[in-house]
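S.K.: Just one file: coords.cif, with mmCIF, C-alpha atoms and all ligand atoms.
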```cif
data_data
loop_
_atom_site.label_atom_id
_atom_site.label_comp_id
_atom_site.auth_asym_id
_atom_site.auth_seq_id
_atom_site.Cartn_x
_atom_site.Cartn_y
_atom_site.Cartn_z
CA MET F 1 -46.16 -13.93 2.62
CA THR F 2 -43.60 -11.74 4.36
CA SER F 3 -42.29 -9.07 2.05
CA TYR F 4 -39.09 -7.07 2.54
CA LYS F 5 -38.31 -3.76 0.88
CA ILE F 6 -34.77 -3.76 -0.45
CA ALA F 7 -32.97 -0.77 -1.98
CA VAL F 8 -30.46 -1.74 -4.66
CA VAL F 9 -27.52 0.54 -5.43
CA ASN F 10 -25.16 -0.77 -8.11
CA GLY F 11 -22.75 2.15 -7.74
CA ASP F 12 -20.03 2.18 -10.39
CA GLY F 13 -17.70 -0.07 -12.37
CA ILE F 14 -18.23 -3.78 -11.73
CA GLY F 15 -21.13 -2.86 -9.42
CA HIS F 16 -23.30 -2.88 -12.56
CA GLU F 17 -22.31 -6.48 -13.24
CA ILE F 18 -22.23 -8.08 -9.81
CA VAL F 19 -25.14 -6.38 -8.01
CA PRO F 20 -27.75 -7.69 -10.49
CA MET F 21 -26.29 -11.18 -9.88
CA GLY F 22 -26.67 -10.63 -6.15
CA VAL F 23 -30.31 -9.67 -6.67
CA GLU F 24 -30.97 -12.76 -8.81
CA VAL F 25 -29.56 -15.05 -6.14
CA LEU F 26 -31.59 -13.31 -3.42
CA LYS F 27 -34.76 -13.68 -5.48
CA ALA F 28 -34.09 -17.37 -6.03
CA ALA F 29 -33.59 -17.80 -2.28
CA ALA F 30 -36.79 -15.87 -1.56
CA GLU F 31 -38.74 -18.11 -3.89
CA LYS F 32 -37.34 -21.24 -2.30
CA PHE F 33 -37.92 -20.11 1.27
CA GLY F 34 -41.31 -18.47 0.75
CA PHE F 35 -40.82 -14.76 1.22
CA ASP F 36 -40.91 -11.80 -1.10
CA LEU F 37 -38.28 -9.16 -1.94
CA ASP F 38 -39.56 -5.88 -3.25
CA THR F 39 -36.52 -4.17 -4.83
CA THR F 40 -36.08 -0.53 -5.86
CA GLU F 41 -32.98 0.65 -7.72
CA TYR F 42 -31.11 3.87 -7.09
CA ALA F 43 -28.42 5.05 -9.53
CA TYR F 44 -26.18 6.66 -6.90
CA GLY F 45 -22.38 6.75 -6.94
CA ALA F 46 -19.54 8.46 -8.79
CA GLY F 47 -21.44 8.30 -12.09
CA TYR F 48 -24.28 10.17 -10.42
CA TYR F 49 -21.76 12.67 -9.08
CA LEU F 50 -20.46 13.42 -12.59
CA GLU F 51 -24.00 14.19 -13.74
CA HIS F 52 -25.45 15.87 -10.67
CA GLY F 53 -22.49 17.15 -8.63
CA ASP F 54 -23.35 14.95 -5.67
CA PHE F 55 -23.15 11.23 -4.90
CA MET F 56 -26.84 10.90 -4.15
CA ALA F 57 -30.07 12.87 -4.51
CA GLU F 58 -30.86 15.47 -1.88
CA THR F 59 -33.75 13.27 -0.71
CA GLY F 60 -31.54 10.17 -0.88
CA LEU F 61 -31.22 9.44 2.82
CA GLU F 62 -34.89 10.19 3.41
CA ASP F 63 -35.84 7.73 0.64
CA LEU F 64 -33.46 4.97 1.75
CA LYS F 65 -34.53 5.23 5.39
CA ASN F 66 -37.69 3.22 4.87
CA PHE F 67 -36.08 0.08 3.47
CA ASP F 68 -35.44 -3.17 5.32
CA GLY F 69 -31.98 -3.39 3.77
CA ILE F 70 -29.68 -1.84 1.19
CA LEU F 71 -27.75 -4.01 -1.24
CA PHE F 72 -24.80 -2.01 -2.51
CA GLY F 73 -21.98 -2.62 -4.99
CA ALA F 74 -19.11 -0.14 -4.89
CA VAL F 75 -18.48 3.52 -5.62
CA GLY F 76 -15.63 5.02 -7.62
CA LEU F 77 -14.63 6.05 -11.13
CA PRO F 78 -11.18 7.09 -12.32
CA ALA F 79 -12.69 10.42 -13.49
CA VAL F 80 -13.78 11.27 -9.95
CA ASP F 81 -10.98 12.34 -7.66
CA ASP F 82 -11.40 10.10 -4.64
CA THR F 83 -9.82 12.60 -2.27
CA LEU F 84 -12.71 14.91 -3.16
CA PRO F 85 -15.78 14.33 -0.98
CA PHE F 86 -14.27 10.92 -0.41
CA LYS F 87 -16.78 8.23 -1.22
CA LEU F 88 -19.51 10.39 0.11
CA PHE F 89 -22.27 7.91 -0.64
CA THR F 90 -20.89 5.18 1.59
CA ASN F 91 -19.86 7.51 4.40
CA LYS F 92 -23.17 9.35 4.42
CA VAL F 93 -25.22 6.18 4.64
CA ARG F 94 -22.95 4.58 7.25
CA THR F 95 -23.18 7.56 9.58
CA ALA F 96 -26.75 8.74 8.93
CA PHE F 97 -28.10 5.23 9.55
CA LYS F 98 -25.81 4.62 12.52
CA GLN F 99 -24.28 1.56 10.91
CA TYR F 100 -21.54 1.52 13.47
CA VAL F 101 -20.58 -2.11 12.93
CA ASN F 102 -18.65 -3.17 9.89
CA TYR F 103 -18.93 -6.96 9.85
CA ARG F 104 -16.43 -8.79 7.64
CA PRO F 105 -16.16 -12.58 7.69
CA VAL F 106 -12.85 -14.08 6.61
CA LYS F 107 -13.46 -17.72 5.80
CA LEU F 108 -11.84 -19.99 3.26
CA LEU F 109 -14.49 -21.35 0.88
CA ASP F 110 -14.69 -25.02 -0.14
CA GLY F 111 -12.17 -26.01 -2.79
CA ILE F 112 -10.25 -22.73 -2.61
CA ASP F 113 -6.54 -22.60 -1.90
CA SER F 114 -5.34 -19.74 0.22
CA PRO F 115 -2.12 -18.07 -0.92
CA LEU F 116 -0.97 -19.14 2.56
CA ARG F 117 0.02 -22.56 1.30
CA THR F 118 0.25 -24.32 4.65
CA LYS F 119 -3.16 -23.12 5.80
CA THR F 120 -6.44 -25.00 5.41
CA GLN F 121 -10.11 -24.22 5.96
CA LYS F 122 -9.95 -24.79 9.69
CA ASP F 123 -7.20 -22.18 10.01
CA ILE F 124 -8.97 -19.35 8.19
CA ASP F 125 -12.33 -18.71 9.83
CA PHE F 126 -12.72 -15.45 11.68
CA VAL F 127 -14.63 -12.16 11.55
CA VAL F 128 -13.23 -8.65 11.47
CA ILE F 129 -15.45 -6.21 13.38
CA ARG F 130 -14.45 -2.77 12.29
CA GLU F 131 -15.76 0.35 14.04
CA ASN F 132 -17.58 2.15 11.24
CA ASN F 133 -18.72 5.58 12.44
CA GLU F 134 -15.83 7.33 14.16
CA GLY F 135 -12.10 6.89 14.72
CA GLU F 136 -9.60 7.96 12.10
CA PHE F 137 -12.17 8.50 9.34
CA VAL F 138 -14.25 11.36 10.76
CA GLN F 139 -12.60 13.68 8.23
CA ASN F 140 -11.91 16.36 10.75
CA GLY F 141 -8.83 18.25 9.65
CA ARG F 142 -7.46 20.63 7.08
CA GLN F 143 -4.65 21.41 4.70
CA MET F 144 -3.12 24.85 5.19
CA TYR F 145 -0.90 26.62 2.65
CA PRO F 146 -0.32 23.35 0.77
CA ASP F 147 1.83 25.04 -1.90
CA GLU F 148 4.03 26.98 0.53
CA PRO F 149 7.28 25.81 2.11
CA TYR F 150 5.50 25.99 5.47
CA GLY F 151 2.42 24.02 4.35
CA PHE F 152 0.87 21.61 6.82
CA ALA F 153 -2.04 19.23 7.18
CA THR F 154 -3.97 17.70 10.06
CA ASP F 155 -6.51 14.93 10.59
CA THR F 156 -7.95 14.51 14.02
CA SER F 157 -9.46 11.16 14.92
CA LEU F 158 -12.38 10.93 17.28
CA PHE F 159 -13.11 8.16 19.77
CA THR F 160 -16.05 8.41 22.17
CA ARG F 161 -16.86 6.20 25.13
CA PRO F 162 -20.35 5.31 23.81
CA GLY F 163 -18.89 4.66 20.37
CA ILE F 164 -16.28 2.27 21.76
CA GLU F 165 -18.67 0.60 24.19
CA ARG F 166 -21.30 -0.23 21.58
CA ILE F 167 -18.86 -1.76 19.09
CA ALA F 168 -17.17 -3.70 21.89
CA HIS F 169 -20.47 -5.13 23.15
CA TYR F 170 -21.30 -6.18 19.60
CA ALA F 171 -17.96 -7.97 19.23
CA PHE F 172 -18.21 -9.80 22.56
CA LYS F 173 -21.80 -10.91 21.91
CA LEU F 174 -20.73 -12.19 18.50
CA ALA F 175 -17.83 -14.08 20.08
CA GLN F 176 -20.26 -15.77 22.48
CA LYS F 177 -21.97 -17.29 19.42
CA ARG F 178 -18.62 -18.35 17.92
CA ARG F 179 -15.41 -19.65 19.47
CA LYS F 180 -15.52 -17.19 22.38
CA LYS F 181 -12.41 -15.18 21.66
CA VAL F 182 -11.98 -11.47 21.01
CA THR F 183 -8.69 -9.96 19.83
CA ASN F 184 -8.54 -6.19 20.05
CA VAL F 185 -6.22 -4.96 17.30
CA THR F 186 -4.79 -1.61 18.32
CA LYS F 187 -1.76 0.63 18.21
CA SER F 188 -1.96 2.14 21.67
CA ASN F 189 1.80 1.93 22.14
CA THR F 190 2.15 4.94 19.81
CA MET F 191 -1.37 6.41 19.66
CA ILE F 192 -1.21 7.03 23.34
CA ASN F 193 -4.40 9.06 23.68
CA THR F 194 -7.05 7.78 21.32
CA LEU F 195 -6.09 4.13 21.14
CA ALA F 196 -5.09 3.89 24.77
CA TYR F 197 -8.61 5.08 25.59
CA TRP F 198 -10.01 2.60 23.07
CA ASP F 199 -8.11 -0.22 24.86
CA ARG F 200 -9.22 0.94 28.29
CA VAL F 201 -12.93 1.06 27.41
CA ILE F 202 -12.77 -2.30 25.63
CA ALA F 203 -11.06 -3.89 28.63
CA GLU F 204 -13.90 -2.56 30.81
CA VAL F 205 -16.51 -4.06 28.49
CA ALA F 206 -14.58 -7.35 28.47
CA GLU F 207 -15.26 -7.69 32.20
CA HIS F 208 -18.95 -8.17 31.37
CA TYR F 209 -18.11 -11.26 29.29
CA PRO F 210 -16.09 -13.58 31.53
CA ASP F 211 -16.87 -16.50 29.20
CA VAL F 212 -15.01 -14.80 26.34
CA GLN F 213 -11.23 -14.91 26.12
CA TYR F 214 -9.98 -11.36 25.61
CA GLY F 215 -6.60 -10.28 24.27
CA LYS F 216 -4.94 -7.31 22.65
CA MET F 217 -2.55 -7.28 19.70
CA TYR F 218 -0.75 -4.42 17.98
CA ILE F 219 -1.62 -3.87 14.33
CA ASP F 220 1.91 -4.58 13.15
CA ALA F 221 1.91 -7.97 14.88
CA ALA F 222 -1.66 -8.61 13.75
CA THR F 223 -0.86 -8.12 10.05
CA ALA F 224 2.00 -10.59 10.38
CA ASN F 225 -0.26 -13.04 12.23
CA PHE F 226 -3.04 -12.80 9.61
CA VAL F 227 -0.46 -14.34 7.29
CA LEU F 228 1.52 -16.59 9.63
CA ARG F 229 -1.07 -17.71 12.19
CA PRO F 230 -4.64 -16.86 11.07
CA GLU F 231 -5.88 -19.68 13.32
CA LEU F 232 -5.25 -17.40 16.31
CA PHE F 233 -8.32 -15.31 15.44
CA ASP F 234 -12.03 -15.67 16.10
CA VAL F 235 -13.44 -12.13 16.43
CA VAL F 236 -11.02 -9.33 15.56
CA LEU F 237 -12.23 -6.04 17.03
CA THR F 238 -10.58 -2.98 15.56
CA THR F 239 -10.87 0.66 14.58
CA ASN F 240 -12.17 2.18 11.37
CA MET F 241 -8.83 2.63 9.59
CA LEU F 242 -7.03 -0.41 10.97
CA GLY F 243 -10.09 -2.51 10.07
CA ASP F 244 -10.15 -1.14 6.54
CA ILE F 245 -6.59 -2.29 5.98
CA LEU F 246 -6.92 -5.62 7.80
CA SER F 247 -10.03 -6.68 5.97
CA ASP F 248 -8.40 -6.30 2.55
CA LEU F 249 -5.68 -8.57 3.88
CA GLY F 250 -8.47 -10.87 5.09
CA GLY F 251 -9.87 -10.93 1.55
CA ALA F 252 -6.45 -11.72 0.15
CA ILE F 253 -5.90 -14.73 2.41
CA MET F 254 -9.32 -16.04 1.34
CA GLY F 255 -7.81 -16.40 -2.12
CA SER F 256 -9.24 -13.23 -3.71
CA LEU F 257 -10.48 -9.80 -2.75
CA GLY F 258 -13.49 -10.71 -4.88
CA PHE F 259 -14.69 -13.24 -2.27
CA GLY F 260 -14.93 -10.84 0.68
CA PRO F 261 -18.42 -9.86 1.90
CA SER F 262 -19.42 -7.23 4.42
CA GLY F 263 -22.30 -5.72 6.30
CA ASN F 264 -22.57 -2.14 7.58
CA ILE F 265 -24.84 -2.98 10.43
CA ASN F 266 -27.14 -1.01 12.66
CA PRO F 267 -27.69 -3.63 15.37
CA GLU F 268 -30.67 -1.81 16.91
CA LYS F 269 -32.44 -1.97 13.53
CA ASN F 270 -33.78 1.57 13.90
CA PHE F 271 -32.31 2.29 10.45
CA PRO F 272 -31.59 0.01 7.51
CA SER F 273 -28.24 -1.74 7.27
CA MET F 274 -26.19 -1.85 4.08
CA PHE F 275 -24.41 -4.85 2.55
CA GLU F 276 -21.51 -4.62 0.10
CA PRO F 277 -18.44 -6.57 -1.01
CA ILE F 278 -15.17 -5.46 0.58
CA HIS F 279 -13.56 -4.61 -2.76
CA GLY F 280 -14.01 -1.44 -4.77
CA SER F 281 -15.51 -0.75 -8.20
CA ALA F 282 -12.48 -2.30 -9.99
CA PRO F 283 -12.54 0.03 -13.03
CA ASP F 284 -9.66 -1.95 -14.56
CA ILE F 285 -11.91 -4.95 -15.21
CA ALA F 286 -15.32 -3.27 -15.45
CA GLY F 287 -17.51 -4.12 -18.44
CA LYS F 288 -15.65 -7.34 -19.24
CA GLY F 289 -17.99 -9.77 -17.53
CA ILE F 290 -15.16 -11.31 -15.54
CA ALA F 291 -15.67 -9.83 -12.06
CA ASN F 292 -16.05 -12.29 -9.21
CA PRO F 293 -19.67 -11.98 -7.96
CA ILE F 294 -19.17 -14.03 -4.78
CA GLY F 295 -18.36 -11.19 -2.35
CA GLN F 296 -21.52 -9.45 -3.54
CA ILE F 297 -23.71 -12.55 -3.35
CA TRP F 298 -22.36 -13.47 0.09
CA SER F 299 -23.09 -9.91 1.24
CA GLY F 300 -26.69 -10.50 0.19
CA ALA F 301 -26.73 -13.60 2.39
CA ILE F 302 -25.54 -11.53 5.35
CA MET F 303 -28.42 -9.15 4.63
CA LEU F 304 -30.93 -12.01 4.78
CA GLU F 305 -29.44 -13.15 8.07
CA HIS F 306 -29.78 -9.60 9.43
CA ILE F 307 -33.45 -9.30 8.46
CA GLY F 308 -34.19 -12.68 10.02
CA GLU F 309 -34.24 -15.05 7.03
CA THR F 310 -31.50 -17.20 8.51
CA ALA F 311 -32.32 -20.44 6.66
CA ALA F 312 -32.20 -18.68 3.29
CA ALA F 313 -28.93 -16.97 4.26
CA GLU F 314 -27.35 -20.30 5.19
CA ALA F 315 -28.58 -21.88 1.96
CA ILE F 316 -26.88 -19.17 -0.11
CA VAL F 317 -23.56 -19.63 1.71
CA LYS F 318 -23.88 -23.39 1.16
CA ALA F 319 -24.58 -22.86 -2.55
CA ILE F 320 -21.53 -20.58 -2.82
CA ASN F 321 -19.38 -23.30 -1.25
CA ALA F 322 -20.84 -25.96 -3.53
CA THR F 323 -19.98 -23.80 -6.54
CA THR F 324 -16.39 -23.07 -5.50
CA ALA F 325 -15.96 -26.77 -4.69
CA GLN F 326 -17.00 -27.56 -8.29
CA GLY F 327 -14.20 -25.26 -9.47
CA ILE F 328 -16.62 -22.79 -11.08
CA LEU F 329 -14.57 -19.64 -10.53
CA THR F 330 -13.68 -16.33 -12.13
CA GLY F 331 -10.12 -15.45 -13.18
CA ASP F 332 -9.14 -13.63 -9.98
CA ALA F 333 -9.71 -16.92 -8.13
CA GLY F 334 -7.81 -19.00 -10.67
CA GLY F 335 -10.82 -20.06 -12.77
CA LYS F 336 -12.04 -19.45 -16.30
CA ASN F 337 -15.72 -18.73 -15.74
CA SER F 338 -17.59 -15.51 -16.30
CA THR F 339 -19.47 -13.47 -13.70
CA THR F 340 -22.79 -14.80 -15.00
CA GLU F 341 -21.65 -18.43 -15.09
CA VAL F 342 -20.58 -18.30 -11.44
CA ALA F 343 -23.83 -16.66 -10.40
CA GLN F 344 -25.95 -19.12 -12.41
CA ALA F 345 -24.11 -22.06 -10.85
CA ILE F 346 -24.81 -20.64 -7.39
CA ILE F 347 -28.51 -20.38 -8.30
CA GLU F 348 -28.56 -23.98 -9.58
CA ASN F 349 -26.89 -25.21 -6.39
CA LEU F 350 -29.32 -23.18 -4.33
CA LYS F 351 -32.32 -24.69 -6.06
CA GLY F 352 -30.69 -28.08 -5.39
P1 LIG F 401 -11.46 1.06 -3.01
O1 LIG F 401 -10.66 2.28 -2.80
O2 LIG F 401 -12.89 1.33 -3.39
O3 LIG F 401 -11.33 0.05 -1.92
P2 LIG F 401 -9.41 -0.12 -4.52
O4 LIG F 401 -8.59 0.94 -5.13
O5 LIG F 401 -8.95 -0.76 -3.27
O6 LIG F 401 -10.89 0.40 -4.34
P3 LIG F 401 -10.57 -2.32 -5.96
O7 LIG F 401 -11.63 -1.76 -6.82
O8 LIG F 401 -10.99 -3.04 -4.75
O9 LIG F 401 -9.54 -1.17 -5.67
O10 LIG F 401 -9.65 -3.26 -6.86
C1 LIG F 401 -8.37 -3.72 -6.43
C2 LIG F 401 -7.93 -4.84 -7.41
O11 LIG F 401 -8.71 -6.01 -7.17
C3 LIG F 401 -8.14 -4.47 -8.87
O12 LIG F 401 -7.09 -4.97 -9.64
C4 LIG F 401 -9.43 -5.17 -9.23
O13 LIG F 401 -9.53 -5.51 -10.56
C5 LIG F 401 -9.42 -6.39 -8.33
N1 LIG F 401 -10.80 -6.75 -7.94
C6 LIG F 401 -11.58 -6.09 -7.07
N2 LIG F 401 -12.78 -6.66 -6.96
C7 LIG F 401 -12.79 -7.71 -7.81
C8 LIG F 401 -13.76 -8.70 -8.17
N3 LIG F 401 -14.97 -8.72 -7.62
N4 LIG F 401 -13.41 -9.63 -9.07
C9 LIG F 401 -12.18 -9.64 -9.62
N5 LIG F 401 -11.23 -8.76 -9.33
C10 LIG F 401 -11.50 -7.79 -8.43
MG MG F 402 -9.64 -0.89 -1.10
#
```
The structure given in the file should be rewritten as structure tokens.
M.R.:
Amino acid sequence: MTSYKIAVVNGDGIGHEIVPMGVEVLKAAAEKFGFDLDTTEYAYGAGYYLEHGDFMAETGLEDLKNFDGILFGAVGLPAVDDTLPFKLFTNKVRTAFKQYVNYRPVKLLDGIDSPLRTKTQKDIDFVVIRENNEGEFVQNGRQMYPDEPYGFATDTSLFTRPGIERIAHYAFKLAQKRRKKVTNVTKSNTMINTLAYWDRVIAEVAEHYPDVQYGKMYIDAATANFVLRPELFDVVLTTNMLGDILSDLGGAIMGSLGFGPSGNINPEKNFPSMFEPIHGSAPDIAGKGIANPIGQIWSGAIMLEHIGETAAAEAIVKAINATTAQGILTGDAGGKNSTTEVAQAIIENLKG
């Protein structure tokens, strides 16, 4: 039997409630589809930082390197200043393991109403591909004399040709498997160096994919169109910061942030990829058993797809849809069920 080594990192807050549900669903899928998941837990995150002064062990990256995949919850606690070494765990893993693709499906699940009341399932079905390793989030800058009248601060973003080319190729190849449309979301009309270069390199890559319809949209127009005309989108290709913002909006139009899944993907598979819901650790609802586990469980399905267990991945997504169609939902999605009840229903639907 094929066996996969999976690292499990709950992180903080609701991570402790939803990640174990994700693992249970994955194990049920493994049993049904005849493969084995060998899981190892790591207690990294903001809680770990409070105890050890760092978000992960010194050997953390070395240890995680040998896994086939990392299932991750979310990092963050109110007691840990998040402007400190900002979410170091996530950033470290994303860069060290060259997870340069952030893959975020935006798809309305069965039986769920979008807050966009005129929009149906056929209108909301696209993927945000967010550049995950460079751009605005390289944390290259400084604050000088912050308490003085002449204080100032800088952040320099970084865009490289190879970095833009690889994310663009990923997006166009993905579009070839979907509805063959890539929308580059940019702001090159004001970011006239970095984002103009981003646009130029993407347009060059687009020439290699004549079968894919390519277009460019400014972020301000794109945010409006996510709400007014989501049907315009198939693959949305965008930068690290713009993608961060857009994918929360994507989660919102799916009916809840708690539904949104994501993969931090290393397409070459020379390092493990990491799969996490798009939301954060939600300290305001942690410990209450009411967090929506679907974004987490769906992220696990994306992990299975990435490691090659496509049938099992599809079965999980189908079981999620069957469950939402039955109206078994947590409070954020307008239901009354608990985290465990939603996860158990997904497992029942998966077993069929
Ligand atoms: P981050 O900076 O890590 O992205 P955030 O500050 O954006 O975190 P989240 O933790 O994502 O905040 O929470 C935003 C809101 O959404 C909170 O009110 C939270 O309770 C709610 N929320 C987030 N995830 C879930 C979930 N899985 N189920 C229910 N509600 C959720
Ligand atoms: Mg957020």
S.K.: Here is a test: counting all atoms listed in the file, which residue of F:Ala322, F:Tyr218, F:Gly243, F:Pro283 is nearest to Val80 in chain F?
M.R.: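 Residue with the minimum atom-to-atom distance to Val80 in chain F: F:Pro283.
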S.K.: Using all atoms of ligand LIG 401 (chain F) that appear in the file, construct an axis-aligned enclosing box with 4 Å of padding on every side and provide its centre coordinates and edge lengths in Å, rounded to one decimal, as lines of an AutoDock Vina configuration file.
M.R.:
```
center_x = -11.0
center_y = -3.7
center_z = -6.2
size_x = 15.9
size_y = 19.9
size_z = 16.6
```
S.K.: Can you work out which one of F:Ala57, F:Ala168, F:Val23, F:Ala282 has the shortest atom-to-atom distance to Leu77 in chain F, counting all atoms listed in the file?
M.R.: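 For Leu77 in chain F, the nearest of the candidates is F:Ala282.
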S.K.: Fewer than 5 positions away in the same chain doesn't count, so skip those; otherwise give me all residues within 9 Å of range 62-74 of chain F, counting all atoms listed in the file, as an NGL selection string.
M.R.: :F and (4-16 or 18-19 or 22-23 or 45 or 90 or 93 or 97 or 269 or 271-282 or 296 or 299-300 or 303-304 or 306-307)
S.K.: Can you tell me how far CA of Thr95 in chain F sits from CA of Ile265 in chain F, in Å to one decimal?
M.R.: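 Between these atoms lies a distance of 10.7 Å.
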S.K.: In Å, how far is it from CA of Lys98 in chain F to atom C7 of ligand LIG 401 (chain F)?
M.R.: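 Computing it gives 27.1 Å between the two atoms.
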S.K.: Any idea what the distance is between CA of Glu131 in chain F and CA of Thr310 in chain F?
M.R.: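 For CA of Glu131 in chain F relative to CA of Thr310 in chain F, the distance reads 24.2 Å.
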